[in-house]
Structure formats: C-alpha cells, structure tokens
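K.L.:
Shown below is the structure under consideration.
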Amino acid sequence: MTVFESTGCPLPVRIESRAAVDPPPACDAIVVGGGIIGLLIAIGLRERGRSVMVLEACNVGSAQSGRNMGFVREQGRDAVEAEAMRYSASRWRALAERFGARFGWTGGGHLSIARDEQSLAQVESWGGIAAGVGTRFEVVTGRAARDRWPWLAKDIAGVGYTPDDGHVDPASAMRAIAGSARELGVEIVEGAVVEEIERAAGRVEGVVLADGRSVHAPLVVVAAGAWSGRLLSRVGVRLPLHMGRGTLSATRPFRRITESSGWDVTGAGFRQAPDGRVVFGMGAFVDVDVRWEDLRSSFALLPTLWQNRRTMRVRPGAQLARDLGGLVTGRGLSPLDRTEPRANMRASDEGLQRLRELVPAFAELEVESVWAGVIDSTPDFLPIAGGTGIDGLLVVAGTSGHGLGIAPALADGVVAIAEGRDEADLIDALSRQRFPS
Ligand SMILES: Cc1cc2nc3c(=O)[nH]c(=O)nc-3n(C[C@H](O)[C@H](O)[C@H](O)COP(=O)(O)OP(=O)(O)OC[C@H]3O[C@@H](n4cnc5c(N)ncnc54)[C@H](O)[C@@H]3O)c2cc1C
C-alpha cells in the first residue's frame, strides 16, 4: 500500500511563478501570509484606516487555513489561552451571523468523548478552566450520555459538552473572509513570495519579493504559518517552531447523524458538514518532517518529541534532503518551500476504523478524499503573537493545530499592538518572550 498520497483537497496549493498583479511600491502595512490570521489582521488594520497589502506566496487559504478540521471550540483549551478563545468564540458567532450560510457554520456544540474512566477524568478536569472564563460546560456520564446522544457507541464512559462551540467549512470560510477583505479595500496579492524583510536603524522598512521588487511599509506583520520562522530568522528573530503534517479525510454525503463536532480524546475527531459529508482525522497525530533547523536545535526539540512520542512520527526525508542540498550548494534555505503536502493514508484508515467504533452508524461511510495540512507548533503547543524586538515588525505563528478557532483574538491582539493600545492583554501571555532566546 502507498502510505503517502492525496486524493483531493478542498483548497489545493497553486504554486505561482510571480505575483498575479504588480503590488504597489508602498502602503501603510504589509501582512505576509494569506491564511485566516493574515486576513483577519489585514481587515482589522484596514478598518482603522490604514492602506494594507496581504502578500501571499501561493493562493489565499491554501495552507492550513483552508484545509483544517474546522472546529471552533473552547472546550479543551489550555488555561493560558482560554480567555482569548472565549473572546474568539463570540467573534466567530458574529462572523457566522454575517456569513454563516456561506461558510457552513454549524453551531451544534462540541463533544469530548471518553471511552474509559481515565479519559473521563481528563475531560472532567477541564471544568475548572470553563468555570474560570464562564464557558457553559457539562459532563454527562454513562446511561445519561447514551440516552442524550444515542448514536454513540454503547461502551462510552462519558461526554464533556460545550453547547456554544461550532464548526465551519474552512475553505468556504476563507473564500468569504477574503471576499470581505477585498470589499473593504485590502489589496491581496497572490503569488508574491516574500524573501527578505528590510530594516534600518532597528526599524522595519518593508519587504523584498522573490522577483527582486521591494514594497515599503512602516509596519510588517508576519503571519506566514509554518514558514514564519525561516523568514524571521533572516533578520535574527528566532522562533522555536517545528513542522508537522496532519491528515484529514472526507466521506461521501451521509444521512444526518449530528450537528455537534466530536472528539474521542484518545484518537479520532469528526464533524458532519451541512451537505452530509463527514470530515475526520486522527487528532493530535502528525508526521514531523525534519528540517535543518530541527537538527540544529535538536536538544530543544527532543523533550517535545519524547513527551509526544505516541502521536508524533519523526520523518527525516525529502524536506531535510532539500535543506541540506541548499546548504551544500550555497543556495541557502528557502524561506518558502511549499508543495502539496502528502497525506498519510494509514492515518486515514485508522481514523475511519476508530470513528466506526465510536459511532456505529458510520460503518457505512465511504471515504471520498484524503489530504494533509502542515502544522507549525511551539514547544508548549500555544501560539506566539506580538512583537519581535524590531520596531514595526510583528508576528503570529506557531498556532499548534488549533489556530482557526482562536484566530480572531490573535489578530485583534496584534492589531491593538500595532495601534499602540492596551487591549493587547488578550495575547500578552502568548509573547515569544516566554521562550529562552
Ligand atoms: C489537519 C489540520 C487540522 C486542523 N484542525 C483545526 C481545527 O479543527 N480547529 C482549529 O482551530 N485549528 C485547526 N488547525 C490549525 C489551523 O488550521 C491553523 O492554526 C490556522 O489555519 C493557522 O493560520 P495561519 O494564517 O497562521 O497559517 P496558514 O493558513 O498556514 O497561512 C500562512 C500563509 O502564509 C503564506 N506564506 C508563507 N511564507 C510566505 C512568504 N515567505 N511570502 C508570502 N507568503 C507566505 C503561505 O503560503 C500560507 O498561505 C488544523 C490544522 C491542520 C493542518
């Protein structure tokens, strides 16, 4: 069996050879990266009267943002980000009111499903965080859980339920949000690979594109997902990021089982889209493609890999070969090395099997497409957002596989910093300063 291949992705990567339109030579603010975070930052800055340009190397949403699981959930969040996620949840509900039908918003709540007592204790322990930020959360066990969600397997120990959580179709959400940004006057340039960040006297001055053109701006926000670390390292800003690949699958449309998204806390997660398709994946399981940076900082990365050895499969392969090739030939490390990521077909098979155990009616599901997305993670699996130590240069990266939901708080926090206001306390705890330099 071929382990790695893809059979279709909601928003495939389009590699462009040059920018689709000529970017203007200057603007008030440049956002590098047209993912969910870059677009929301651009909208926030534009709403405050700035001229804003989003420079996107490929096509908007084609990295993680247009191909993730689509969960917008508070449940299970770390205490450090719970307040920011609370804020984001209300922003998502406002977006859903505006675009809901266009981006497949389904407000059916989220279930963390425990199959044994140990997992149930883990689910219950989140109650303290929920109470701290005022999120509605209940734990339903045994018979009562089976009565309430009769489609679940009979042997489950219990369920943690957050009724206000929801899910979206990420590709449609990205199209709707990009459309709204353009209507507001944000200039989105696709096919624009940012190769360098220009600075002088400790201040950012703009960026240089792969074709040699410069774009000037006194504010540059790097929201380049998994590629942010490499780009920022060119101006001496180091981010402790490693890259993983997560695999998702979608089935043919199936009769409606539930509007809630679900998560077996030891394995598979799923949601049923409004058209009946079931999108599922193996949760925290990722293939870690080793890069040159990972070898260099292997001592820092090893504890993370060891603690997560059941879910992270280390793959020293094509990525590392490309990096070493670049270093040996003197070309250096490309800040953007993007191809369509290969899905792990074994993870898809395993996910389907676990899903069928969890929801017996899903025995009849037929998988239609399998794809992968690249995930940028930090050692504590929390995002990095805020300043870089260089005036006018801000960053959001390392969203660690759950940045879709929390994107509004990260974006608004960074916009607040750019505006010099105090409201950035939502993201204060997410500063890169928490890691030793
Ligand atoms: C399989 C999978 C499942 C997930 N499930 C969920 C979920 O259910 N809920 C949730 O909240 N989150 C989920 N996530 C995580 C979520 O998708 C991300 O946290 C979020 O999309 C990050 O958005 P972003 O804008 O930072 O990055 P991205 O979407 O990766 O966007 C970055 C963009 O920057 C561009 N870029 C990079 N370098 C350059 C450069 N040098 N010049 C110009 N452009 C550049 C890239 O082309 C890319 O389009 C999942 C992720 C994956 C992969």
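The chains in the structure tokens are called A, B, ... from first to last as shown; in each chain the residues are counted from 1, and the ligands are counted from 1 in the order shown.
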Any chance you could list, as a VMD selection string, the residues in segment 42-87 of chain A that come up strand (DSSP E or B) when DSSP is run on the backbone?
P.N.:
chain A and resid 52 to 56 71 to 72
K.L.:
Show me a table, sorted first by chain and then by increasing residue number, of the residues of segment 308-381 of chain A having an atom at most 10 Å from segment 14-30 of chain A, each with its shortest atom pair and the distance in Å to one decimal, counting only C-alpha atoms and written as a Markdown table.
P.N.:
```
| residue | atom | partner | partner_atom | distance |
| --- | --- | --- | --- | --- |
| A:Arg338 | CA | A:Ile15 | CA | 7.9 |
| A:Thr339 | CA | A:Ile15 | CA | 7.6 |
| A:Glu340 | CA | A:Arg14 | CA | 8.6 |
```
K.L.:
Taking the DSSP secondary structure from the backbone, can you list the residues of segment 40-241 of chain A that are helix (DSSP H, G or I), as a VMD selection string?
P.N.:
chain A and resid 40 to 47 64 to 66 79 to 99 117 to 124 127 to 133 142 to 148 170 to 184 225 to 233
K.L.:
To one decimal in Å, tell me the separation between atom CA of Gly185 of chain A and atom CA of Val60 of chain A.
P.N.:
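Spanning atom CA of Gly185 of chain A to atom CA of Val60 of chain A is a straight-line distance of 15.9 Å.
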K.L.:
Report as a count of residues only which protein, DNA and RNA residues come within 7 Å of ligand 1, using only C-alpha atoms and all ligand atoms.
P.N.:
56
K.L.:
Write out, as CSV, each residue of segment 121-154 of chain A that has an atom at most 12 Å from segment 265-281 of chain A, together with the closest pair of atoms and their distance in Å to one decimal, counting only C-alpha atoms, rows going by chain and rising number.
P.N.:
```
residue,atom,partner,partner_atom,distance
A:Ala121,CA,A:Val265,CA,11.0
A:Gln122,CA,A:Val265,CA,8.6
A:Val123,CA,A:Val265,CA,8.0
A:Glu124,CA,A:Val265,CA,11.7
```
K.L.:
Selection from above, C-alpha atoms, as a PDB file, in the first residue's frame, can you write it?
P.N.:
```
ATOM      1  CA  ALA A 121     -11.171  12.229  34.392  1.00  0.00           C
ATOM      2  CA  GLN A 122      -9.206  14.183  31.757  1.00  0.00           C
ATOM      3  CA  VAL A 123     -12.437  15.544  30.250  1.00  0.00           C
ATOM      4  CA  GLU A 124     -13.851  16.487  33.674  1.00  0.00           C
TER       5      GLU A 124
END
```
K.L.:
Might you pull out every residue within 12 Å of Glu364 of chain A, with only C-alpha atoms counted and same-chain residues fewer than 2 positions away left off, and present them as a list in words?
P.N.:
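Those residues are Thr251, Arg252, Pro253, Phe254, Arg255, Val278, Leu352, Gln353, Leu355, Arg356, Glu357, Val359, Pro360, Ala361, Phe362, Glu366 and Val367 of chain A.
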K.L.:
Atoms to include: N, CA and C atoms. Write the selected residues as a short mmCIF file (atom, residue, chain, number, x, y, z; two decimals), in the first residue's frame.
P.N.:
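result.cif, freshly written:
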```
data_model
loop_
_atom_site.label_atom_id
_atom_site.label_comp_id
_atom_site.auth_asym_id
_atom_site.auth_seq_id
_atom_site.Cartn_x
_atom_site.Cartn_y
_atom_site.Cartn_z
N THR A 251 -15.83 11.99 3.68
CA THR A 251 -16.60 10.88 3.11
C THR A 251 -17.60 11.42 2.08
N ARG A 252 -18.27 10.50 1.42
CA ARG A 252 -19.41 10.91 0.60
C ARG A 252 -20.53 11.38 1.55
N PRO A 253 -21.46 12.22 1.05
CA PRO A 253 -22.55 12.68 1.91
C PRO A 253 -23.29 11.49 2.55
N PHE A 254 -23.65 11.67 3.81
CA PHE A 254 -24.26 10.59 4.60
C PHE A 254 -25.47 11.17 5.32
N ARG A 255 -26.41 10.33 5.68
CA ARG A 255 -27.61 10.86 6.36
C ARG A 255 -27.18 11.59 7.65
N VAL A 278 -18.84 13.61 6.14
CA VAL A 278 -18.21 13.54 7.45
C VAL A 278 -16.71 13.77 7.24
N LEU A 352 -10.74 6.11 10.25
CA LEU A 352 -12.06 5.58 9.86
C LEU A 352 -12.46 4.43 10.78
N GLN A 353 -11.48 3.59 11.08
CA GLN A 353 -11.78 2.45 11.95
C GLN A 353 -12.22 2.92 13.34
N LEU A 355 -13.45 5.81 14.11
CA LEU A 355 -14.72 6.52 14.00
C LEU A 355 -15.89 5.54 13.99
N ARG A 356 -15.69 4.43 13.29
CA ARG A 356 -16.76 3.41 13.22
C ARG A 356 -16.99 2.77 14.59
N GLU A 357 -15.91 2.67 15.38
CA GLU A 357 -16.09 2.12 16.73
C GLU A 357 -16.88 3.10 17.61
N VAL A 359 -18.96 5.63 16.53
CA VAL A 359 -20.33 5.89 16.03
C VAL A 359 -20.70 4.72 15.11
N PRO A 360 -21.37 3.71 15.64
CA PRO A 360 -21.62 2.50 14.85
C PRO A 360 -22.30 2.78 13.50
N ALA A 361 -23.16 3.80 13.43
CA ALA A 361 -23.84 4.08 12.14
C ALA A 361 -22.84 4.45 11.06
N PHE A 362 -21.66 4.91 11.46
CA PHE A 362 -20.65 5.32 10.48
C PHE A 362 -19.99 4.11 9.80
N GLU A 366 -18.26 6.02 3.30
CA GLU A 366 -17.30 5.73 2.22
C GLU A 366 -16.41 6.95 2.07
N VAL A 367 -15.09 6.75 2.18
CA VAL A 367 -14.15 7.87 2.08
C VAL A 367 -14.05 8.33 0.63
#
```
K.L.:
Show which residues sit within 10 Å of segment 179-182 of chain A, as a VMD selection string. Count only C-alpha atoms, and ignore same-chain residues fewer than 3 positions away.
P.N.:
chain A and resid 39 to 44 46 to 47 52 54 99 173 to 176 185 to 188
K.L.:
Save out the residues we just selected, C-alpha atoms, as a compact mmCIF listing (two decimals), in the first residue's frame.
P.N.:
```txt
# COMPACT_ATOMS: atom_id res chain seq x y z
CA LEU A 39 -6.63 38.10 6.56
CA LEU A 40 -8.19 38.97 9.92
CA ILE A 41 -5.19 41.18 10.79
CA ALA A 42 -5.47 42.90 7.40
CA ILE A 43 -9.20 43.53 7.93
CA GLY A 44 -8.54 44.92 11.42
CA ARG A 46 -7.95 48.39 7.18
CA GLU A 47 -10.93 49.12 9.44
CA VAL A 52 -3.00 47.29 3.77
CA VAL A 54 -1.52 40.97 2.01
CA PHE A 99 -21.57 34.78 6.50
CA ALA A 173 -14.83 30.43 5.31
CA MET A 174 -11.54 31.51 3.72
CA ARG A 175 -13.27 32.46 0.47
CA ALA A 176 -15.89 34.50 2.33
CA GLY A 185 -10.13 47.70 0.24
CA VAL A 186 -7.41 45.29 1.40
CA GLU A 187 -5.02 44.63 -1.51
CA ILE A 188 -4.44 40.85 -1.68
```
K.L.:
Would you kindly return, as a list in words, each protein, DNA or RNA residue with an atom no farther than 6 Å from any atom of segment 205-209 of chain A, considering only C-alpha atoms and excluding same-chain residues fewer than 6 positions away?
P.N.:
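The filter keeps Val193, Val194, Glu195, Glu196, Ile197, Glu198, Arg199, Val215, His216, Ala217 and Pro218 of chain A.
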K.L.:
Please identify all polymer residues within 12 Å of Leu430 of chain A, counting only C-alpha atoms, omitting same-chain residues fewer than 4 positions from it, and present them as a ChimeraX atom specification.
P.N.:
/A:78-84,378,380-387,395-399,409-410,413-414,424-426,434-435
K.L.:
Extract, using only C-alpha atoms, all DNA, RNA and protein residues at most 10 Å from segment 296-306 of chain A, discarding same-chain residues fewer than 6 positions from it, and format them as a compact mmCIF listing (two decimals) with C-alpha atoms, in the first residue's frame.
P.N.:
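The resulting file, around.txt, is reproduced below:
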```
# COMPACT_ATOMS: atom_id res chain seq x y z
CA PRO A 240 11.06 27.76 18.37
CA LEU A 241 8.80 26.17 15.73
CA HIS A 242 8.68 22.64 14.39
CA VAL A 288 7.06 15.54 11.72
CA VAL A 290 12.62 17.06 9.95
CA MET A 312 4.40 12.46 16.59
CA ARG A 313 6.10 10.30 13.93
CA VAL A 314 9.52 11.71 13.05
CA THR A 378 5.75 25.53 19.58
CA PRO A 379 7.23 23.53 22.48
CA ASP A 380 4.21 24.34 24.72
CA PHE A 381 1.68 23.98 21.85
```
K.L.:
Give the answer as one residue: which of A:Thr141, A:Gln307, A:Gln319, A:Ser369 has the shortest atom-to-atom distance to Ala343 of chain A, using only C-alpha atoms?
P.N.:
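Selected residue with least distance to Ala343 of chain A: A:Ser369.
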